[in-house]
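S.K.: As input, take coords25.cif (mmCIF, C-alpha atoms):
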data_input
#
loop_
_atom_site.label_atom_id
_atom_site.label_comp_id
_atom_site.auth_asym_id
_atom_site.auth_seq_id
_atom_site.Cartn_x
_atom_site.Cartn_y
_atom_site.Cartn_z
CA MET S 1 -0.01 -12.66 19.59
CA LYS S 2 1.66 -9.51 20.89
CA HIS S 3 3.33 -7.41 18.21
CA GLU S 4 5.87 -5.14 19.83
CA VAL S 5 7.73 -2.02 18.83
CA VAL S 6 11.38 -2.60 19.71
CA LYS S 7 13.37 0.60 20.08
CA GLY S 8 15.81 0.98 17.20
CA ARG S 9 14.31 -1.90 15.21
CA GLY S 10 11.97 -1.84 12.24
CA ALA S 11 10.04 -5.13 12.20
CA THR S 12 7.17 -5.53 14.64
CA LEU S 13 6.78 -9.21 13.82
CA GLN S 14 9.24 -12.11 13.98
CA ILE S 15 8.05 -14.61 11.36
CA GLU S 16 9.56 -17.76 9.92
CA GLY S 17 11.02 -17.84 6.43
CA ARG S 18 9.14 -19.59 3.66
CA PHE S 19 11.56 -22.53 3.71
CA GLU S 20 10.87 -23.41 7.35
CA SER S 21 8.80 -26.52 8.10
CA VAL S 22 7.49 -25.12 11.40
CA ALA S 23 6.04 -21.81 12.54
CA ARG S 24 6.41 -20.31 16.02
CA GLU S 25 4.10 -17.81 17.65
CA ARG S 26 4.11 -16.08 21.01
CA VAL S 27 0.70 -16.84 22.54
CA ASP S 28 -1.03 -16.22 25.84
CA ASP S 29 -1.12 -19.45 27.86
CA GLY S 30 -3.25 -17.90 30.60
CA TRP S 31 -0.33 -17.19 32.93
CA GLY S 32 0.38 -13.69 31.65
CA THR S 33 3.58 -14.73 29.87
CA THR S 34 2.86 -12.45 26.89
CA ASP S 35 3.28 -9.47 29.22
CA GLU S 36 6.80 -10.51 30.18
CA GLU S 37 9.52 -8.32 28.77
CA LEU S 38 11.65 -10.15 26.21
CA PRO S 39 15.44 -9.78 26.27
CA PRO S 40 16.72 -7.06 23.91
CA PHE S 41 17.74 -7.99 20.39
CA ARG S 42 21.51 -7.64 20.16
CA THR S 43 23.26 -7.25 16.84
CA THR S 44 25.58 -10.15 16.05
CA VAL S 45 27.95 -10.41 13.10
CA THR S 46 29.04 -13.77 11.69
CA VAL S 47 31.89 -14.19 9.22
CA GLU S 48 30.62 -15.67 5.96
CA LYS S 49 32.91 -17.83 3.89
CA THR S 50 32.32 -17.48 0.17
CA LYS S 51 34.16 -18.45 -3.01
CA SER S 52 33.13 -15.43 -5.08
CA VAL S 53 31.65 -11.99 -4.49
CA ILE S 54 30.55 -10.69 -7.91
CA GLN S 55 26.94 -11.53 -8.76
CA ARG S 56 25.86 -11.55 -12.42
CA HIS S 57 22.44 -10.21 -13.46
CA ASP S 58 20.44 -10.43 -16.67
CA SER S 59 17.29 -8.59 -15.53
CA PRO S 60 16.15 -6.25 -18.33
CA ASP S 61 15.07 -3.50 -15.91
CA LEU S 62 18.32 -3.31 -13.95
CA PRO S 63 20.90 -0.73 -15.13
CA PHE S 64 23.86 -2.96 -14.21
CA ASP S 65 25.20 -6.43 -15.01
CA TYR S 66 27.31 -6.98 -11.89
CA SER S 67 26.69 -6.36 -8.21
CA LEU S 68 28.61 -6.95 -4.99
CA ASN S 69 27.29 -7.14 -1.45
CA ALA S 70 29.76 -7.06 1.43
CA TYR S 71 27.10 -7.96 4.00
CA ARG S 72 23.97 -10.07 4.45
CA GLY S 73 21.24 -8.54 6.55
CA CYS S 74 21.13 -4.83 7.35
CA GLU S 75 21.06 -3.09 10.71
CA HIS S 76 19.27 -0.06 9.28
CA GLY S 77 16.09 -2.07 9.85
CA CYS S 78 14.05 -0.50 7.03
CA ILE S 79 10.66 -2.21 7.21
CA TYR S 80 10.16 -1.97 3.43
CA CYS S 81 13.47 -3.60 2.46
CA TYR S 82 12.92 -6.03 -0.41
CA ALA S 83 16.07 -7.94 0.67
CA ARG S 84 14.46 -9.18 3.90
CA PRO S 85 13.19 -12.48 2.40
CA SER S 86 16.78 -13.43 1.48
CA HIS S 87 17.40 -14.24 5.16
CA GLY S 88 15.05 -17.18 4.71
CA TYR S 89 17.77 -18.93 2.71
CA LEU S 90 19.85 -18.92 5.92
CA ASN S 91 17.03 -20.45 8.01
CA LEU S 92 16.57 -17.09 9.70
CA SER S 93 13.58 -14.80 9.99
CA PRO S 94 13.10 -11.94 7.50
CA GLY S 95 11.82 -9.99 10.51
CA LEU S 96 14.06 -9.03 13.40
CA ASP S 97 16.71 -11.62 12.47
CA PHE S 98 17.37 -9.71 9.24
CA GLU S 99 18.32 -6.58 11.16
CA THR S 100 20.10 -8.23 14.13
CA LYS S 101 21.81 -11.38 12.79
CA LEU S 102 24.22 -10.02 10.21
CA PHE S 103 26.87 -11.68 8.06
CA ALA S 104 30.09 -10.06 6.85
CA LYS S 105 32.48 -11.06 4.08
CA PRO S 106 35.92 -9.90 5.27
CA GLU S 107 37.61 -11.64 2.32
CA ALA S 108 35.50 -9.69 -0.21
CA ALA S 109 38.31 -7.42 -1.44
CA LYS S 110 40.70 -10.35 -1.86
CA LEU S 111 38.10 -12.36 -3.76
CA LEU S 112 37.20 -9.34 -5.88
CA ARG S 113 40.84 -8.91 -6.89
CA ALA S 114 41.05 -12.57 -7.91
CA GLU S 115 37.87 -12.35 -10.01
CA LEU S 116 38.96 -9.15 -11.75
CA ALA S 117 42.29 -10.80 -12.58
CA LYS S 118 40.70 -13.71 -14.46
CA PRO S 119 41.43 -13.69 -18.21
CA SER S 120 37.73 -14.18 -18.91
CA TYR S 121 36.60 -11.12 -16.93
CA ARG S 122 35.07 -8.29 -18.98
CA CYS S 123 34.76 -4.88 -17.35
CA SER S 124 31.27 -3.61 -16.57
CA PRO S 125 30.17 -1.28 -13.73
CA ILE S 126 29.71 -3.04 -10.40
CA ALA S 127 26.78 -1.96 -8.22
CA LEU S 128 27.37 -1.78 -4.47
CA GLY S 129 24.25 -1.74 -2.33
CA SER S 130 21.88 -3.58 -4.65
CA ASN S 131 20.74 -5.86 -1.80
CA THR S 132 21.94 -4.55 1.55
CA ASP S 133 23.52 -1.20 2.39
CA PRO S 134 27.32 -1.15 1.95
CA TYR S 135 27.54 1.63 4.56
CA GLN S 136 25.33 0.16 7.27
CA PRO S 137 26.57 0.75 10.86
CA ILE S 138 28.86 -2.29 11.09
CA GLU S 139 30.93 -0.93 8.19
CA ARG S 140 32.49 1.52 10.67
CA GLU S 141 34.27 -1.40 12.31
CA TRP S 142 34.66 -3.91 9.48
CA LYS S 143 35.61 -1.45 6.69
CA ILE S 144 34.91 -4.05 3.97
CA THR S 145 33.35 -1.51 1.62
CA ARG S 146 36.41 0.70 2.04
CA GLN S 147 38.67 -2.22 1.06
CA ILE S 148 36.52 -2.96 -1.99
CA LEU S 149 36.76 0.68 -3.10
CA GLU S 150 40.54 0.54 -2.76
CA VAL S 151 40.72 -2.43 -5.14
CA LEU S 152 38.37 -0.81 -7.65
CA ALA S 153 40.28 2.49 -7.53
CA GLU S 154 43.57 0.67 -8.02
CA CYS S 155 42.17 -1.12 -11.07
CA ARG S 156 40.32 1.97 -12.35
CA HIS S 157 37.12 -0.06 -12.40
CA PRO S 158 33.71 1.73 -12.65
CA LEU S 159 31.10 1.31 -9.94
CA SER S 160 27.85 2.68 -8.59
CA ILE S 161 26.73 2.97 -4.97
CA VAL S 162 23.27 3.16 -3.41
CA THR S 163 23.12 3.96 0.30
CA LYS S 164 21.10 5.78 2.93
CA SER S 165 24.06 6.31 5.23
CA ALA S 166 26.13 9.45 5.75
CA LEU S 167 29.11 7.14 6.41
CA VAL S 168 29.76 7.33 2.66
CA GLU S 169 31.44 10.67 3.40
CA ARG S 170 34.30 8.78 5.04
CA ASP S 171 35.42 7.54 1.61
CA ILE S 172 35.26 10.86 -0.23
CA ASP S 173 39.01 10.65 -0.90
CA LEU S 174 38.65 7.43 -2.92
CA LEU S 175 35.34 8.45 -4.49
CA ALA S 176 36.75 11.80 -5.67
CA GLN S 177 39.71 9.98 -7.19
CA LEU S 178 37.33 7.67 -9.08
CA ALA S 179 35.04 10.55 -10.07
CA ARG S 180 37.86 12.44 -11.79
CA GLU S 181 38.00 9.62 -14.35
CA LYS S 182 34.21 9.12 -14.56
CA LEU S 183 34.36 5.84 -12.70
CA VAL S 184 31.71 6.32 -9.99
CA GLN S 185 28.10 7.35 -9.51
CA VAL S 186 26.55 7.57 -6.03
CA PHE S 187 22.85 7.60 -5.15
CA ILE S 188 21.58 8.36 -1.67
CA SER S 189 18.11 7.07 -0.90
CA VAL S 190 15.70 9.59 0.63
CA THR S 191 12.27 8.13 1.38
CA THR S 192 10.75 10.99 3.34
CA LEU S 193 11.67 14.38 4.81
CA ASP S 194 9.54 13.67 7.90
CA ALA S 195 12.00 12.76 10.68
CA GLU S 196 9.36 11.07 12.85
CA LEU S 197 8.14 8.88 9.99
CA ALA S 198 11.73 8.07 9.01
CA ARG S 199 12.51 6.88 12.55
CA LYS S 200 9.70 4.33 12.23
CA LEU S 201 10.40 3.34 8.62
CA GLU S 202 14.22 3.28 8.82
CA PRO S 203 15.09 3.24 12.54
CA ARG S 204 18.90 2.97 12.29
CA ALA S 205 19.51 4.84 9.05
CA ALA S 206 20.80 8.41 8.95
CA SER S 207 18.13 11.10 9.32
CA PRO S 208 16.77 12.63 6.10
CA ARG S 209 18.53 15.92 6.92
CA ARG S 210 21.85 14.14 7.42
CA ARG S 211 21.50 12.25 4.14
CA LEU S 212 20.91 15.49 2.26
CA GLN S 213 24.03 16.94 3.88
CA ALA S 214 25.95 13.93 2.53
CA VAL S 215 24.54 14.62 -0.94
CA ARG S 216 25.92 18.15 -0.75
CA ALA S 217 29.31 17.02 0.60
CA LEU S 218 29.79 14.48 -2.19
CA ASN S 219 28.80 16.86 -4.97
CA ASP S 220 30.98 19.62 -3.52
CA ALA S 221 33.88 17.16 -3.65
CA GLY S 222 33.23 16.46 -7.34
CA VAL S 223 31.55 13.09 -6.77
CA PRO S 224 28.32 12.89 -8.81
CA CYS S 225 25.66 12.08 -6.23
CA GLY S 226 21.99 11.78 -7.05
CA VAL S 227 18.95 10.93 -4.97
CA MET S 228 16.73 7.87 -5.12
CA VAL S 229 13.19 8.57 -3.93
CA ALA S 230 12.66 5.01 -2.86
CA PRO S 231 10.39 3.46 -2.09
CA VAL S 232 7.34 5.61 -2.72
CA ILE S 233 4.60 4.39 -0.34
CA PRO S 234 0.99 5.37 -1.12
CA PHE S 235 -0.65 7.57 1.55
CA LEU S 236 2.57 7.59 3.61
CA THR S 237 5.29 9.19 1.49
CA ASP S 238 3.86 9.74 -2.01
CA ALA S 239 2.69 13.28 -1.22
CA GLU S 240 6.31 14.25 -0.48
CA LEU S 241 7.68 13.37 -3.92
CA GLU S 242 8.07 16.94 -5.18
CA ASN S 243 9.40 18.19 -1.84
CA VAL S 244 12.07 15.48 -1.70
CA LEU S 245 13.16 16.33 -5.26
CA GLN S 246 13.25 20.04 -4.41
CA ALA S 247 15.43 19.38 -1.34
CA ALA S 248 17.69 17.07 -3.34
CA HIS S 249 18.19 19.75 -5.99
CA GLU S 250 18.98 22.37 -3.35
CA HIS S 251 21.72 20.07 -2.02
CA GLY S 252 23.40 19.65 -5.40
CA ALA S 253 21.79 16.50 -6.81
CA ARG S 254 21.20 16.58 -10.56
CA THR S 255 20.29 12.92 -11.11
CA THR S 256 17.30 11.15 -9.62
CA ALA S 257 14.99 8.15 -9.90
CA TYR S 258 12.14 6.64 -7.93
CA THR S 259 10.66 3.19 -7.27
CA LEU S 260 7.28 2.11 -5.97
CA LEU S 261 7.10 -0.02 -2.82
CA ARG S 262 7.71 -3.72 -3.51
CA LEU S 263 6.47 -6.46 -1.16
CA PRO S 264 7.93 -9.82 -2.22
CA TYR S 265 7.30 -13.02 -0.24
CA GLU S 266 7.29 -12.59 3.57
CA LEU S 267 7.74 -8.83 3.29
CA LYS S 268 3.99 -8.48 2.67
CA ASP S 269 3.15 -9.80 6.14
CA LEU S 270 5.93 -7.82 7.82
CA PHE S 271 4.89 -4.54 6.22
CA LYS S 272 1.19 -5.03 6.91
CA ASP S 273 1.90 -5.78 10.56
CA TRP S 274 4.11 -2.69 10.79
CA LEU S 275 1.33 -0.60 9.23
CA GLY S 276 -1.28 -1.95 11.64
CA THR S 277 1.02 -1.26 14.58
CA HIS S 278 2.14 2.28 13.70
CA TYR S 279 -0.61 3.61 11.40
CA PRO S 280 -3.77 1.54 12.01
CA LEU S 281 -6.09 4.18 10.53
CA LYS S 282 -4.12 4.33 7.29
CA ALA S 283 -3.29 0.64 6.93
CA GLU S 284 -6.18 -0.43 4.71
CA HIS S 285 -5.93 2.72 2.57
CA VAL S 286 -2.24 2.08 1.93
CA MET S 287 -2.73 -1.56 0.95
CA SER S 288 -5.82 -0.83 -1.15
CA ARG S 289 -4.01 1.83 -3.16
CA LEU S 290 -0.97 -0.42 -3.51
CA ARG S 291 -3.12 -3.24 -4.88
CA GLU S 292 -4.58 -0.82 -7.42
CA MET S 293 -1.05 0.05 -8.55
CA ARG S 294 -0.03 -3.62 -8.63
CA GLY S 295 -2.76 -4.99 -10.87
CA GLY S 296 -4.86 -6.24 -7.96
CA ARG S 297 -1.97 -7.99 -6.20
CA GLU S 298 0.09 -6.94 -3.22
CA ASN S 299 3.26 -7.48 -5.19
CA ASP S 300 4.06 -7.46 -8.89
CA PRO S 301 7.29 -9.30 -9.79
CA GLU S 302 7.02 -8.66 -13.53
CA PHE S 303 9.85 -6.95 -15.40
CA GLY S 304 8.84 -3.54 -16.69
CA SER S 305 6.24 -2.86 -13.99
CA ARG S 306 7.76 -4.09 -10.72
CA PHE S 307 9.55 -0.80 -10.03
CA SER S 308 6.88 1.66 -11.21
CA GLY S 309 3.52 -0.10 -10.94
CA GLN S 310 0.60 -0.01 -13.37
CA GLY S 311 -2.79 1.59 -13.71
CA LEU S 312 -4.05 5.15 -13.29
CA PHE S 313 -2.36 6.00 -10.00
CA ALA S 314 0.98 4.65 -11.19
CA GLN S 315 0.66 6.79 -14.32
CA LEU S 316 -0.13 9.86 -12.19
CA LEU S 317 2.92 9.20 -10.00
CA SER S 318 5.11 8.84 -13.08
CA ALA S 319 3.74 12.09 -14.53
CA ARG S 320 4.36 13.96 -11.27
CA PHE S 321 7.93 12.70 -11.18
CA ARG S 322 8.55 13.61 -14.82
CA LEU S 323 7.13 17.14 -14.45
CA ALA S 324 9.10 17.80 -11.27
CA CYS S 325 12.30 16.63 -12.95
CA GLU S 326 11.67 18.88 -15.93
CA ARG S 327 10.98 21.87 -13.69
CA LEU S 328 14.06 21.35 -11.54
CA GLY S 329 16.42 20.26 -14.30
CA PHE S 330 17.08 16.68 -13.23
CA ASN S 331 18.51 13.97 -15.51
CA ARG S 332 19.53 16.36 -18.29
CA GLU S 333 23.05 14.98 -18.53
CA GLU S 334 23.90 11.34 -19.13
CA ASN S 335 26.40 10.06 -16.55
CA THR S 336 28.02 7.18 -18.40
CA LEU S 337 30.73 5.37 -16.48
CA ASP S 338 33.98 4.73 -18.35
CA THR S 339 34.90 1.06 -18.81
CA THR S 340 37.92 1.66 -21.05
CA LEU S 341 40.40 2.55 -18.27
CA PHE S 342 40.23 -0.81 -16.49
CA ILE S 343 43.58 -2.41 -15.65
CA LYS S 344 43.55 -6.05 -14.60
CA PRO S 345 45.13 -6.50 -11.18
CA ASP S 346 47.68 -9.10 -10.28
CA LYS S 347 45.85 -11.97 -8.61
CA TYR S 348 48.04 -11.64 -5.51
CA GLY S 349 47.96 -7.86 -5.19
CA GLN S 350 50.98 -6.74 -7.19
CA GLN S 351 50.18 -4.42 -10.09
CA SER S 352 51.99 -4.80 -13.37
CA LEU S 353 54.86 -2.37 -14.03
CA PHE S 354 53.87 -2.08 -17.69
#
Mind turning the file's structure into structure tokens?
M.R.:
Amino acid sequence: MKHEVVKGRGATLQIEGRFESVARERVDDGWGTTDEELPPFRTTVTVEKTKSVIQRHDSPDLPFDYSLNAYRGCEHGCIYCYARPSHGYLNLSPGLDFETKLFAKPEAAKLLRAELAKPSYRCSPIALGSNTDPYQPIEREWKITRQILEVLAECRHPLSIVTKSALVERDIDLLAQLAREKLVQVFISVTTLDAELARKLEPRAASPRRRLQAVRALNDAGVPCGVMVAPVIPFLTDAELENVLQAAHEHGARTTAYTLLRLPYELKDLFKDWLGTHYPLKAEHVMSRLREMRGGRENDPEFGSRFSGQGLFAQLLSARFRLACERLGFNREENTLDTTLFIKPDKYGQQSLF
């Protein structure tokens, strides 16, 4: 089977989801067909009809109870994305389908307004970007995230955002308005400062330099913007931890966190194929170290350890992070979002006069 590097795409392998009853492979039939050039993967966007947009969570290691995702799939194409297996629920591949066959929810703002207006709704910060990036490239055209922010600003509802796109700067006007009342916290994900490595890991995301510029722009505008060093990948990005934190601090970030690489379900095969394709000499070292930090497994789904790992090397990584944060002055102030200002919207878009 020929595993190809497609320009601008992350996955080097197109595999079936775990719910499929058949598997398809490209094989050599003796006629040289594997050497034929395949047609390019074009990005398509399908409108998704949904009855609700707020997802409830009860995971003990998540810092939020509600999340909202305007899109399914993500054109950034990050090979490590833990959301890739979710495309299997749509009978699509977690590989190249995840980054080329996207789904948008244009009614998200309308549905959000209706859910916030319910008598039973209780205000709690809503996380944008918990599954796929709310500022991925198609947001430039669809502007669904912008519409969601407008509803939340109107209702004075708290939210958090995680992104690796500089497009977040477009909404500084709304974010600054929310920040003045302690209603928003933004995190920009920076995996590596190495531009060449980033192009392979995150082919359609903003460059590391551009993301750091966005961190500065947001903080200069009064929007609290921290940096997520995520994911940390043994032997590929772990040595950069202190340098990424130093650069984040120089660009105004004062809040930070990190997570260790997670490889749920089909993502294990996708990531290992990507490693073998781009870094064949490091592939076994990376996976061996990851297994050591995951209790002998390639993935650890357990609460309490799934984000940070376990064992000696996980402890060393945690200690490095803690010492760097202490030296640079990260996480000294608690950024608690205010839930007391929330005003229920009218279900049909008209705010109360009283």
S.K.: What does the structure give for the distance between CA of Lys110 in chain S and CA of Asn69 in chain S, in Å to one decimal?
M.R.: 13.8 Å
S.K.: Identify all residues satisfying the PyMOL selection byres ((chain S and resi 76) around 6) in the given file; provide them as an NGL selection string.
M.R.: :S and (74-75 or 77-78 or 204-205)
S.K.: Taking into account all atoms listed in the file, which residue in the set S:Thr145, S:Ala283, S:Gln310, S:Glu242 is nearest to Gly296 in chain S?
M.R.: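 Ranking S:Thr145, S:Ala283, S:Gln310, S:Glu242 by distance to Gly296 in chain S, first place goes to S:Gln310.
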S.K.: From the list S:Leu197, S:Ile343, S:Ser207, S:Trp274, which residue is nearest Thr237 in chain S when using only C-alpha atoms?
M.R.: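 Comparing S:Leu197, S:Ile343, S:Ser207, S:Trp274 against Thr237 in chain S, the winner is S:Leu197.
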S.K.: Return as a ChimeraX atom specification the set of residues that the PyMOL selection byres ((chain S and resi 256) around 9) yields on the displayed structure.
M.R.: /S:187,226-229,245,248,253-255,257-258,325,330-331
S.K.: Using only C-alpha atoms, please write the residues we just selected to a file, as an mmCIF file, in the frame of the given file.
M.R.:
data_model
loop_
_atom_site.group_PDB
_atom_site.id
_atom_site.type_symbol
_atom_site.label_atom_id
_atom_site.label_comp_id
_atom_site.auth_asym_id
_atom_site.auth_seq_id
_atom_site.Cartn_x
_atom_site.Cartn_y
_atom_site.Cartn_z
ATOM 1 C CA PHE S 187 22.850 7.600 -5.150
ATOM 2 C CA GLY S 226 21.990 11.780 -7.050
ATOM 3 C CA VAL S 227 18.950 10.930 -4.970
ATOM 4 C CA MET S 228 16.730 7.870 -5.120
ATOM 5 C CA VAL S 229 13.190 8.570 -3.930
ATOM 6 C CA LEU S 245 13.160 16.330 -5.260
ATOM 7 C CA ALA S 248 17.690 17.070 -3.340
ATOM 8 C CA ALA S 253 21.790 16.500 -6.810
ATOM 9 C CA ARG S 254 21.200 16.580 -10.560
ATOM 10 C CA THR S 255 20.290 12.920 -11.110
ATOM 11 C CA ALA S 257 14.990 8.150 -9.900
ATOM 12 C CA TYR S 258 12.140 6.640 -7.930
ATOM 13 C CA CYS S 325 12.300 16.630 -12.950
ATOM 14 C CA PHE S 330 17.080 16.680 -13.230
ATOM 15 C CA ASN S 331 18.510 13.970 -15.510
#
S.K.: Could you list, as a list in words, every residue matched by the PyMOL selection byres ((chain S and resi 129) around 7) in this structure?
M.R.: Asn69, Ala127, Leu128, Ser130, Asn131, Thr132, Asp133, Pro134, Ile161, Val162 and Thr163 of chain S
S.K.: Grab the CA of Arg156 in chain S to CA of Ala114 in chain S distance for me, in Å with one decimal place.
M.R.: 15.2 Å
S.K.: Of the candidates S:Glu107, S:Ala117, S:Ser93, S:Ala70, which shows the shortest atom-to-atom distance to Lys51 in chain S, using all atoms listed in the file?
M.R.: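 Counting all atoms listed in the file, the residue closest to Lys51 in chain S is S:Glu107.
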